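Next up, upload.cif (mmCIF, C-alpha atoms (C1' of nucleotides)):
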data_query
#
loop_
_atom_site.label_atom_id
_atom_site.label_comp_id
_atom_site.auth_asym_id
_atom_site.auth_seq_id
_atom_site.Cartn_x
_atom_site.Cartn_y
_atom_site.Cartn_z
CA MET A 29 12.60 -21.77 14.69
CA ILE A 30 14.76 -18.85 13.79
CA ASP A 31 12.61 -18.26 10.75
CA GLU A 32 9.57 -16.10 11.07
CA PRO A 33 6.87 -16.20 8.39
CA GLY A 34 7.88 -13.73 5.72
CA GLY A 35 8.63 -10.71 7.81
CA VAL A 36 5.12 -10.48 9.25
CA ILE A 37 6.35 -10.11 12.82
CA VAL A 38 8.78 -7.37 11.91
CA ALA A 39 6.07 -5.61 9.93
CA LEU A 40 3.70 -5.74 12.89
CA ALA A 41 6.33 -4.48 15.31
CA ASP A 42 5.91 -0.87 14.23
CA PRO A 43 2.98 1.06 15.75
CA THR A 44 2.45 3.25 12.68
CA ARG A 45 2.12 0.17 10.52
CA ARG A 46 -0.40 -1.31 12.91
CA GLN A 47 -2.39 1.91 12.71
CA LEU A 48 -2.31 1.71 8.94
CA LEU A 49 -3.62 -1.84 9.07
CA ASP A 50 -6.43 -0.76 11.37
CA LEU A 51 -7.42 2.05 9.02
CA MET A 52 -7.39 -0.26 6.05
CA ALA A 53 -9.39 -2.92 7.86
CA ALA A 54 -11.99 -0.26 8.67
CA ARG A 55 -12.20 1.43 5.29
CA GLY A 56 -11.46 -1.31 2.78
CA GLU A 57 -9.54 -0.13 -0.27
CA VAL A 58 -7.65 3.11 0.32
CA THR A 59 -4.78 5.08 -1.19
CA ALA A 60 -1.54 6.06 0.48
CA THR A 61 -2.51 9.72 0.25
CA THR A 62 -5.80 9.11 2.04
CA LEU A 63 -4.06 7.14 4.76
CA ALA A 64 -1.47 9.87 5.24
CA GLU A 65 -4.24 12.40 5.91
CA ALA A 66 -5.42 10.33 8.86
CA LEU A 67 -1.96 10.02 10.39
CA PRO A 68 0.58 12.53 11.72
CA VAL A 69 3.18 11.47 9.15
CA SER A 70 3.93 12.33 5.54
CA ARG A 71 2.63 10.43 2.53
CA GLN A 72 6.12 9.17 1.76
CA ALA A 73 6.42 7.64 5.20
CA VAL A 74 3.11 5.88 4.61
CA VAL A 75 4.29 4.61 1.24
CA LYS A 76 7.39 3.10 2.81
CA HIS A 77 5.32 1.40 5.48
CA LEU A 78 2.93 0.05 2.88
CA ALA A 79 5.89 -1.39 0.97
CA VAL A 80 6.94 -3.27 4.09
CA LEU A 81 3.41 -4.52 4.67
CA ASP A 82 3.14 -5.56 1.05
CA ALA A 83 6.44 -7.48 1.17
CA ALA A 84 5.12 -9.29 4.25
CA GLY A 85 1.92 -10.19 2.41
CA LEU A 86 -0.23 -8.26 4.87
CA VAL A 87 -1.73 -5.96 2.24
CA SER A 88 -2.62 -6.12 -1.43
CA ARG A 89 -1.79 -3.49 -4.02
CA SER A 90 -4.01 -2.73 -7.01
CA ARG A 91 -3.80 0.07 -9.51
CA ALA A 92 -6.94 1.95 -10.48
CA GLY A 93 -6.06 4.59 -13.01
CA ARG A 94 -3.52 6.91 -11.49
CA GLU A 95 -4.07 5.79 -7.95
CA VAL A 96 -2.92 2.72 -6.05
CA ARG A 97 -5.39 1.12 -3.68
CA TYR A 98 -4.29 -0.93 -0.69
CA ALA A 99 -6.30 -3.41 1.35
CA VAL A 100 -5.55 -5.78 4.23
CA ARG A 101 -4.98 -9.48 3.58
CA PRO A 102 -6.03 -11.60 6.55
CA GLU A 103 -4.31 -14.72 5.22
CA ALA A 104 -0.74 -13.79 6.13
CA LEU A 105 -1.85 -12.75 9.58
CA ASN A 106 -3.73 -15.99 10.08
CA ALA A 107 -0.77 -18.06 8.96
CA THR A 108 1.49 -16.26 11.41
CA ALA A 109 -1.00 -16.78 14.23
CA ARG A 110 -0.98 -20.52 13.48
CA TRP A 111 2.81 -20.57 13.35
CA MET A 112 2.94 -18.82 16.70
CA ALA A 113 0.43 -21.15 18.30
CA GLY A 114 2.39 -24.13 17.01
CA LEU A 115 5.57 -22.73 18.49
CA ALA A 116 3.91 -22.27 21.86
CA THR A 117 2.74 -25.87 21.74
CA GLU A 118 6.25 -27.05 20.98
CA TRP A 119 7.62 -25.08 23.91
CA ASP A 120 5.04 -26.75 26.12
CA ARG A 121 6.06 -30.20 24.88
CA ARG A 122 9.74 -29.54 25.42
CA LEU A 123 9.25 -28.11 28.88
CA ALA A 124 7.12 -31.09 29.85
CA ARG A 125 9.78 -33.46 28.57
CA ILE A 126 12.55 -31.67 30.45
CA LYS A 127 10.51 -31.69 33.63
CA ARG A 128 9.84 -35.40 33.24
CA LEU A 129 13.53 -36.16 32.76
CA ALA A 130 14.35 -34.14 35.85
CA GLU A 131 11.89 -36.08 37.95
CA GLU A 132 13.16 -39.44 36.73
CA ALA A 133 16.62 -38.64 38.05
CA MET B 14 -6.29 -2.35 17.59
CA ILE B 15 -3.18 -0.29 17.98
CA ASP B 16 -2.26 -2.13 21.13
CA GLU B 17 -0.20 -5.24 20.90
CA PRO B 18 -0.05 -7.67 23.83
CA GLY B 19 2.70 -6.44 26.14
CA GLY B 20 5.51 -5.98 23.71
CA VAL B 21 5.55 -9.60 22.60
CA ILE B 22 5.57 -8.74 18.90
CA VAL B 23 8.41 -6.29 19.30
CA ALA B 24 10.34 -8.84 21.36
CA LEU B 25 9.89 -11.49 18.67
CA ALA B 26 10.90 -9.13 15.88
CA ASP B 27 14.61 -9.51 16.64
CA PRO B 28 16.34 -12.62 15.23
CA THR B 29 18.83 -12.86 18.09
CA ARG B 30 15.98 -12.94 20.59
CA ARG B 31 14.24 -15.68 18.60
CA GLN B 32 17.46 -17.67 18.69
CA LEU B 33 17.64 -17.21 22.43
CA LEU B 34 14.09 -18.46 22.80
CA ASP B 35 14.92 -21.51 20.69
CA LEU B 36 17.94 -22.31 22.82
CA MET B 37 15.95 -21.95 26.01
CA ALA B 38 13.12 -24.06 24.69
CA ALA B 39 15.64 -26.77 23.86
CA ARG B 40 17.67 -26.68 27.06
CA GLY B 41 15.21 -25.66 29.74
CA GLU B 42 16.73 -23.46 32.44
CA VAL B 43 19.91 -21.71 31.33
CA THR B 44 22.03 -18.75 32.35
CA ALA B 45 22.85 -15.70 30.27
CA THR B 46 26.50 -16.70 30.21
CA THR B 47 25.69 -20.14 28.81
CA LEU B 48 23.47 -18.63 26.17
CA ALA B 49 26.14 -16.16 25.16
CA GLU B 50 28.58 -19.01 24.50
CA ALA B 51 26.20 -20.43 21.91
CA LEU B 52 25.75 -17.14 20.09
CA PRO B 53 28.11 -14.77 18.27
CA VAL B 54 27.33 -11.92 20.66
CA SER B 55 28.57 -10.84 24.07
CA ARG B 56 27.00 -11.80 27.36
CA GLN B 57 25.85 -8.22 27.91
CA ALA B 58 23.96 -8.25 24.64
CA VAL B 59 22.27 -11.47 25.74
CA VAL B 60 21.38 -9.93 29.09
CA LYS B 61 19.71 -6.98 27.38
CA HIS B 62 17.74 -9.28 25.12
CA LEU B 63 16.65 -11.37 28.07
CA ALA B 64 15.45 -8.21 29.80
CA VAL B 65 13.24 -7.44 26.80
CA LEU B 66 11.92 -10.99 26.71
CA ASP B 67 11.27 -10.87 30.43
CA ALA B 68 9.38 -7.58 30.16
CA ALA B 69 7.24 -9.15 27.44
CA GLY B 70 6.52 -12.13 29.67
CA LEU B 71 8.16 -14.55 27.26
CA VAL B 72 10.72 -15.82 29.78
CA SER B 73 10.92 -16.37 33.53
CA ARG B 74 13.84 -15.34 35.75
CA SER B 75 14.88 -17.28 38.83
CA ARG B 76 17.94 -16.90 41.00
CA ALA B 77 19.91 -19.97 42.05
CA GLY B 78 22.80 -18.92 44.20
CA ARG B 79 24.94 -16.55 42.22
CA GLU B 80 23.46 -17.42 38.87
CA VAL B 81 20.22 -16.38 37.21
CA ARG B 82 18.34 -19.03 35.26
CA TYR B 83 16.00 -18.19 32.43
CA ALA B 84 13.31 -20.35 30.85
CA VAL B 85 10.67 -19.85 28.18
CA ARG B 86 7.06 -19.12 29.13
CA PRO B 87 4.64 -20.43 26.50
CA GLU B 88 1.67 -18.55 27.96
CA ALA B 89 2.53 -15.10 26.62
CA LEU B 90 3.21 -16.57 23.21
CA ASN B 91 -0.07 -18.42 23.22
CA ALA B 92 -2.00 -15.32 24.23
CA THR B 93 -0.43 -13.33 21.41
CA ALA B 94 -1.25 -16.08 18.93
CA ARG B 95 -4.89 -15.93 20.00
CA TRP B 96 -4.92 -12.13 19.78
CA MET B 97 -3.50 -12.34 16.28
CA ALA B 98 -5.98 -14.97 15.16
CA GLY B 99 -8.81 -12.84 16.51
CA LEU B 100 -7.53 -9.83 14.62
CA ALA B 101 -7.41 -11.84 11.39
CA THR B 102 -10.98 -12.92 11.97
CA GLU B 103 -12.06 -9.33 12.48
CA TRP B 104 -10.37 -8.30 9.25
CA ASP B 105 -12.27 -11.05 7.49
CA ARG B 106 -15.56 -9.86 8.94
CA ARG B 107 -14.93 -6.27 7.99
CA LEU B 108 -13.86 -7.11 4.47
CA ALA B 109 -16.93 -9.28 4.00
CA ARG B 110 -19.14 -6.46 5.22
CA ILE B 111 -17.52 -3.92 2.91
CA LYS B 112 -17.87 -6.27 -0.02
CA ARG B 113 -21.53 -6.84 0.78
CA LEU B 114 -22.22 -3.10 0.96
CA ALA B 115 -20.48 -2.60 -2.38
CA GLU B 116 -22.64 -5.24 -4.03
CA GLU B 117 -25.84 -3.79 -2.63
CA ALA B 118 -25.17 -0.48 -4.37
"C1'" DC C 5 -4.51 22.55 -23.35
"C1'" DC C 6 -3.82 23.44 -18.48
"C1'" DA C 7 -4.48 22.96 -13.87
"C1'" DA C 8 -4.99 19.81 -10.23
"C1'" DT C 9 -4.16 15.65 -7.91
"C1'" DG C 10 -1.78 11.20 -6.98
"C1'" DT C 11 2.31 8.62 -7.49
"C1'" DG C 12 7.49 7.55 -7.84
"C1'" DC C 13 12.28 8.45 -6.91
"C1'" DA C 14 16.28 10.22 -4.46
"C1'" DA C 15 18.97 12.53 -1.01
"C1'" DC C 16 19.09 13.79 3.59
"C1'" DT C 17 18.44 13.91 8.86
"C1'" DC C 18 18.13 11.73 13.24
"C1'" DT C 19 16.82 8.87 16.91
"C1'" DG C 20 16.94 4.38 19.12
"C1'" DA C 21 18.00 -0.40 19.30
"C1'" DG C 22 21.68 -3.74 19.14
"C1'" DG C 23 26.23 -4.37 20.34
"C1'" DT C 24 30.75 -3.66 22.74
"C1'" DT C 25 34.19 -2.84 26.39
"C1'" DG C 26 35.64 -2.09 31.05
"C1'" DC C 27 35.18 -2.52 35.70
"C1'" DA C 28 33.03 -3.43 40.19
"C1'" DC C 29 30.46 -6.66 43.03
"C1'" DA C 30 28.72 -11.41 44.69
"C1'" DC C 31 29.17 -16.03 45.51
"C1'" DA C 32 31.78 -20.66 45.13
"C1'" DA C 33 35.49 -23.77 45.67
"C1'" DT C 34 39.82 -25.48 47.00
"C1'" DA D 5 42.19 -16.17 51.89
"C1'" DT D 6 42.27 -16.11 47.06
"C1'" DT D 7 41.24 -17.60 42.81
"C1'" DG D 8 37.67 -18.28 39.56
"C1'" DT D 9 33.21 -17.72 37.65
"C1'" DG D 10 28.71 -15.33 37.07
"C1'" DT D 11 26.26 -11.12 37.45
"C1'" DG D 12 25.31 -5.91 37.42
"C1'" DC D 13 26.17 -1.24 35.97
"C1'" DA D 14 27.63 2.44 32.91
"C1'" DA D 15 29.66 4.74 29.07
"C1'" DC D 16 30.32 4.40 24.50
"C1'" DC D 17 29.86 3.24 19.34
"C1'" DT D 18 27.34 2.22 15.04
"C1'" DC D 19 23.94 1.64 11.80
"C1'" DA D 20 19.38 0.43 10.07
"C1'" DG D 21 14.92 2.30 9.96
"C1'" DA D 22 11.37 5.88 10.56
"C1'" DG D 23 10.64 10.30 8.87
"C1'" DT D 24 11.32 14.47 5.98
"C1'" DT D 25 11.78 17.48 1.85
"C1'" DG D 26 12.03 18.41 -2.99
"C1'" DC D 27 11.10 17.50 -7.53
"C1'" DA D 28 9.79 14.88 -11.65
"C1'" DC D 29 6.36 11.92 -13.80
"C1'" DA D 30 1.48 10.22 -14.74
"C1'" DT D 31 -3.43 10.73 -15.07
"C1'" DT D 32 -7.80 12.93 -14.52
"C1'" DG D 33 -11.10 17.00 -15.08
"C1'" DG D 34 -12.55 21.23 -16.63
#

Let me see whether you can do it: turn the structure in this file into structure tokens.
Amino acid sequence: MIDEPGGVIVALADPTRRQLLDLMAARGEVTATTLAEALPVSRQAVVKHLAVLDAAGLVSRSRAGREVRYAVRPEALNATARWMAGLATEWDRRLARIKRLAEEA
Amino acid sequence: MIDEPGGVIVALADPTRRQLLDLMAARGEVTATTLAEALPVSRQAVVKHLAVLDAAGLVSRSRAGREVRYAVRPEALNATARWMAGLATEWDRRLARIKRLAEEA
DNA sequence: CCAATGTGCAACTCTGAGGTTGCACACAAT
DNA sequence: ATTGTGTGCAACCTCAGAGTTGCACATTGG
């Protein structure tokens, strides 16, 4: 109910983070520096956003020498989509029940 | 890509708004004043949240005399769930394609 | 070795969202 | 008519988050 799957929604609420996800989905493994070049923000801003996305499970981090490569992880997004669909279904059930009770009276 | 269905994600990102949605899903049609009594925030705060939820299409407004009744609308939630699932699928496709290209080289 | 490039950490600014209070207006009820 | 309850509007406050800058620390390449 109150709980939302691991901060995914909050992570997706920011437009810059959504742009980052798009870029990563298009290019595969990329570094924060590369991503920053494609956006009108600094590298540090990108790093912070990537930390949020990582904490939400939406991206994976992997070191390769001195650089850190990031890539999207569809799993967390899929799980959240299922959670959301389930919630919508529950709302439907509850509304139907309330309507039924109203008509019985 | 960048676009998110009508501000639904942003609306869901706030815990107070999620609580409001839960309450409405449980009780059916309720007023802002009633909702405020169940939460540790003022009525005005609730009204602002309901305005956001309304703009996102997550709730419906209906006047009944001097009071305004709100109720959840599962449709917008469902649409966003489908959008999100589709996005996850696209990520999967792109990642598979990138992986395939890497193996061909 | 030295220069170049990518990362990590910390302090700082600043805007906007969430929240509050106060008051005026509308409708109900007795 | 007047008291009570619900709503609407506006000004205000506060703080987390998005962004910046500056510098120190790794790692790679000539």

Practice prompt. Please provide the set of residues having any atom within 9 Å of region 104-117 of chain A, restricted to only C-alpha atoms (C1' of nucleotides), with same-chain residues fewer than 5 positions apart removed, written as a ChimeraX atom specification.
Written response: /A:29,32-34,36-37,84-87,122 /B:86-102

Sorted by chain and rising residue number, list the residues of chain C at most 7 Å from chain B (counting only C-alpha atoms (C1' of nucleotides)), each with its closest atom pair and distance in Å to one decimal, as a tab-separated table.
residue	atom	partner	partner_atom	distance
C:DG23	C1'	B:Ala58	CA	6.2
C:DA30	C1'	B:Arg79	CA	6.8
C:DC31	C1'	B:Arg79	CA	5.4

Original post:
Residues at most 12 Å from DG8 (chain D), counting only C-alpha atoms (C1' of nucleotides), excluding those fewer than 5 positions away in the same chain, as a list in words?
Top reply: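 So, after excluding close chain neighbours, the residues are DC31, DA32, DA33 and DT34 of chain C.
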
Please provide chain B as an mmCIF file with C-alpha atoms, in the coordinates of the input, once it has been superposed on chain A by least squares across all sequentially paired Cα atoms.
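Result file follows (result.cif):
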data_model
loop_
_atom_site.group_PDB
_atom_site.id
_atom_site.type_symbol
_atom_site.label_atom_id
_atom_site.label_comp_id
_atom_site.auth_asym_id
_atom_site.auth_seq_id
_atom_site.Cartn_x
_atom_site.Cartn_y
_atom_site.Cartn_z
ATOM 1 C CA MET B 14 12.749 -21.924 14.666
ATOM 2 C CA ILE B 15 14.786 -18.906 13.768
ATOM 3 C CA ASP B 16 12.651 -18.268 10.737
ATOM 4 C CA GLU B 17 9.597 -16.138 11.062
ATOM 5 C CA PRO B 18 6.890 -16.234 8.384
ATOM 6 C CA GLY B 19 7.908 -13.748 5.701
ATOM 7 C CA GLY B 20 8.630 -10.721 7.781
ATOM 8 C CA VAL B 21 5.139 -10.505 9.230
ATOM 9 C CA ILE B 22 6.362 -10.136 12.808
ATOM 10 C CA VAL B 23 8.784 -7.395 11.888
ATOM 11 C CA ALA B 24 6.059 -5.631 9.904
ATOM 12 C CA LEU B 25 3.685 -5.764 12.872
ATOM 13 C CA ALA B 26 6.318 -4.527 15.303
ATOM 14 C CA ASP B 27 5.896 -0.904 14.216
ATOM 15 C CA PRO B 28 2.956 1.013 15.743
ATOM 16 C CA THR B 29 2.455 3.213 12.686
ATOM 17 C CA ARG B 30 2.103 0.132 10.504
ATOM 18 C CA ARG B 31 -0.440 -1.353 12.916
ATOM 19 C CA GLN B 32 -2.402 1.879 12.699
ATOM 20 C CA LEU B 33 -2.314 1.680 8.933
ATOM 21 C CA LEU B 34 -3.624 -1.866 9.044
ATOM 22 C CA ASP B 35 -6.443 -0.775 11.349
ATOM 23 C CA LEU B 36 -7.424 2.034 9.016
ATOM 24 C CA MET B 37 -7.399 -0.268 6.021
ATOM 25 C CA ALA B 38 -9.392 -2.914 7.818
ATOM 26 C CA ALA B 39 -11.985 -0.276 8.652
ATOM 27 C CA ARG B 40 -12.195 1.427 5.272
ATOM 28 C CA GLY B 41 -11.467 -1.304 2.765
ATOM 29 C CA GLU B 42 -9.533 -0.099 -0.276
ATOM 30 C CA VAL B 43 -7.654 3.143 0.334
ATOM 31 C CA THR B 44 -4.792 5.097 -1.178
ATOM 32 C CA ALA B 45 -1.544 6.062 0.501
ATOM 33 C CA THR B 46 -2.502 9.718 0.293
ATOM 34 C CA THR B 47 -5.793 9.113 2.097
ATOM 35 C CA LEU B 48 -4.048 7.137 4.786
ATOM 36 C CA ALA B 49 -1.467 9.848 5.277
ATOM 37 C CA GLU B 50 -4.217 12.394 5.965
ATOM 38 C CA ALA B 51 -5.393 10.307 8.907
ATOM 39 C CA LEU B 52 -1.943 9.979 10.432
ATOM 40 C CA PRO B 53 0.616 12.463 11.766
ATOM 41 C CA VAL B 54 3.208 11.399 9.199
ATOM 42 C CA SER B 55 3.955 12.276 5.593
ATOM 43 C CA ARG B 56 2.660 10.407 2.586
ATOM 44 C CA GLN B 57 6.158 9.143 1.806
ATOM 45 C CA ALA B 58 6.437 7.586 5.236
ATOM 46 C CA VAL B 59 3.109 5.855 4.631
ATOM 47 C CA VAL B 60 4.302 4.610 1.252
ATOM 48 C CA LYS B 61 7.392 3.063 2.824
ATOM 49 C CA HIS B 62 5.311 1.369 5.484
ATOM 50 C CA LEU B 63 2.930 0.031 2.877
ATOM 51 C CA ALA B 64 5.892 -1.392 0.975
ATOM 52 C CA VAL B 65 6.937 -3.308 4.091
ATOM 53 C CA LEU B 66 3.402 -4.548 4.659
ATOM 54 C CA ASP B 67 3.148 -5.564 1.029
ATOM 55 C CA ALA B 68 6.432 -7.478 1.164
ATOM 56 C CA ALA B 69 5.121 -9.310 4.225
ATOM 57 C CA GLY B 70 1.929 -10.192 2.380
ATOM 58 C CA LEU B 71 -0.226 -8.278 4.839
ATOM 59 C CA VAL B 72 -1.718 -5.956 2.212
ATOM 60 C CA SER B 73 -2.635 -6.117 -1.467
ATOM 61 C CA ARG B 74 -1.806 -3.450 -4.059
ATOM 62 C CA SER B 75 -4.033 -2.684 -7.023
ATOM 63 C CA ARG B 76 -3.844 0.140 -9.515
ATOM 64 C CA ALA B 77 -6.986 2.052 -10.451
ATOM 65 C CA GLY B 78 -6.130 4.696 -12.972
ATOM 66 C CA ARG B 79 -3.557 6.977 -11.457
ATOM 67 C CA GLU B 80 -4.103 5.852 -7.907
ATOM 68 C CA VAL B 81 -2.931 2.773 -6.041
ATOM 69 C CA ARG B 82 -5.391 1.143 -3.663
ATOM 70 C CA TYR B 83 -4.294 -0.921 -0.709
ATOM 71 C CA ALA B 84 -6.310 -3.402 1.336
ATOM 72 C CA VAL B 85 -5.570 -5.774 4.195
ATOM 73 C CA ARG B 86 -4.968 -9.473 3.544
ATOM 74 C CA PRO B 87 -6.032 -11.597 6.519
ATOM 75 C CA GLU B 88 -4.331 -14.731 5.186
ATOM 76 C CA ALA B 89 -0.758 -13.806 6.090
ATOM 77 C CA LEU B 90 -1.877 -12.766 9.542
ATOM 78 C CA ASN B 91 -3.747 -15.996 10.041
ATOM 79 C CA ALA B 92 -0.779 -18.073 8.931
ATOM 80 C CA THR B 93 1.494 -16.269 11.372
ATOM 81 C CA ALA B 94 -1.003 -16.790 14.178
ATOM 82 C CA ARG B 95 -0.991 -20.520 13.468
ATOM 83 C CA TRP B 96 2.812 -20.597 13.317
ATOM 84 C CA MET B 97 2.962 -18.835 16.661
ATOM 85 C CA ALA B 98 0.435 -21.144 18.276
ATOM 86 C CA GLY B 99 2.396 -24.132 17.014
ATOM 87 C CA LEU B 100 5.590 -22.727 18.463
ATOM 88 C CA ALA B 101 3.911 -22.252 21.846
ATOM 89 C CA THR B 102 2.749 -25.841 21.734
ATOM 90 C CA GLU B 103 6.261 -27.032 20.986
ATOM 91 C CA TRP B 104 7.620 -25.051 23.915
ATOM 92 C CA ASP B 105 5.042 -26.717 26.116
ATOM 93 C CA ARG B 106 6.055 -30.155 24.893
ATOM 94 C CA ARG B 107 9.727 -29.500 25.420
ATOM 95 C CA LEU B 108 9.249 -28.073 28.880
ATOM 96 C CA ALA B 109 7.110 -31.041 29.865
ATOM 97 C CA ARG B 110 9.776 -33.412 28.602
ATOM 98 C CA ILE B 111 12.546 -31.619 30.479
ATOM 99 C CA LYS B 112 10.496 -31.635 33.645
ATOM 100 C CA ARG B 113 9.818 -35.345 33.275
ATOM 101 C CA LEU B 114 13.516 -36.118 32.800
ATOM 102 C CA ALA B 115 14.359 -34.066 35.884
ATOM 103 C CA GLU B 116 11.877 -36.004 37.992
ATOM 104 C CA GLU B 117 13.154 -39.352 36.784
ATOM 105 C CA ALA B 118 16.626 -38.575 38.116
#

Practice task
Residues of chain D no more than 7 Å from chain A, counting only C-alpha atoms (C1' of nucleotides): send them over as a ChimeraX atom specification.
Solution key: /D:23,30-31

Exactly which residues make up the result of the PyMOL selection byres ((chain C and resi 20) around 12) on this file, given as a CSV table (one decimal) with C-alpha atoms (C1' of nucleotides), in the frame of the given file?
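Done, and the output landed in part-v8.csv:
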chain,number,residue,atom,x,y,z
C,18,DC,C1',18.1,11.7,13.2
C,19,DT,C1',16.8,8.9,16.9
C,21,DA,C1',18.0,-0.4,19.3
C,22,DG,C1',21.7,-3.7,19.1
D,18,DT,C1',27.3,2.2,15.0
D,19,DC,C1',23.9,1.6,11.8
D,20,DA,C1',19.4,0.4,10.1
D,21,DG,C1',14.9,2.3,10.0
D,22,DA,C1',11.4,5.9,10.6

Computed interatomic separation between CA of Arg56 (chain B) and C1' of DT25 (chain C) (Å):
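Between CA of Arg56 (chain B) and C1' of DT25 (chain C) the gap works out to 11.5 Å.
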
task: Please return, as an NGL selection string, all polymer residues that have at least one atom within 9 Å of the point (14.0, 17.4, -0.1); use all atoms listed in the file and the file's own coordinate frame.
output: (:C and (14-16)) or (:D and (24-27))

Q. Suppose you want the space between C1' of DA7 (chain C) and C1' of DG34 (chain D); what is it in Å?
A.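 C1' of DA7 (chain C) sits 8.7 Å away from C1' of DG34 (chain D).
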
Exercise for the section: Enter the distance from CA of Ala24 (chain B) to CA of Gly35 (chain A), in Å, rounded to one decimal. Expected result: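 Straight-line distance from CA of Ala24 (chain B) to CA of Gly35 (chain A) works out to 13.8 Å.
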
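If you measure from each of A:Glu65, A:Asp82, A:Glu57, A:Glu132 to chain B using only C-alpha atoms, the closest one turns out to be A:Glu57.
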
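Using all atoms listed in the file, the smallest distance between any of B:Arg113, B:Arg40, B:Arg82, B:Arg74 and chain A comes from B:Arg40.
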
I need the residue set behind the PyMOL selection byres ((chain C and resi 9) around 9) for this file; please write it as a VMD selection string. (chain C and resid 8 10) or (chain D and resid 31 to 32)

Export of the given selection (C-alpha atoms (C1' of nucleotides)) as a tab-separated table (two decimals), in the coordinates of the input:
chain	number	residue	atom	x	y	z
C	8	DA	C1'	-4.99	19.81	-10.23
C	10	DG	C1'	-1.78	11.20	-6.98
D	31	DT	C1'	-3.43	10.73	-15.07
D	32	DT	C1'	-7.80	12.93	-14.52

Judged by all atoms listed in the file, the minimum distance to chain B among A:Asp31, A:Ala41, A:Leu81, A:Arg121 is found for A:Ala41

With distances taken over all atoms listed in the file, the candidate from B:Leu63, B:Thr44, B:Glu116, B:Pro53 nearest Leu25 (chain B) is B:Leu63

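The smallest atom-to-atom distance between DT11 (chain C) and any of A:Ile126, A:Ala66, A:Ala60, A:Ala53, using all atoms listed in the file, is found for A:Ala60.
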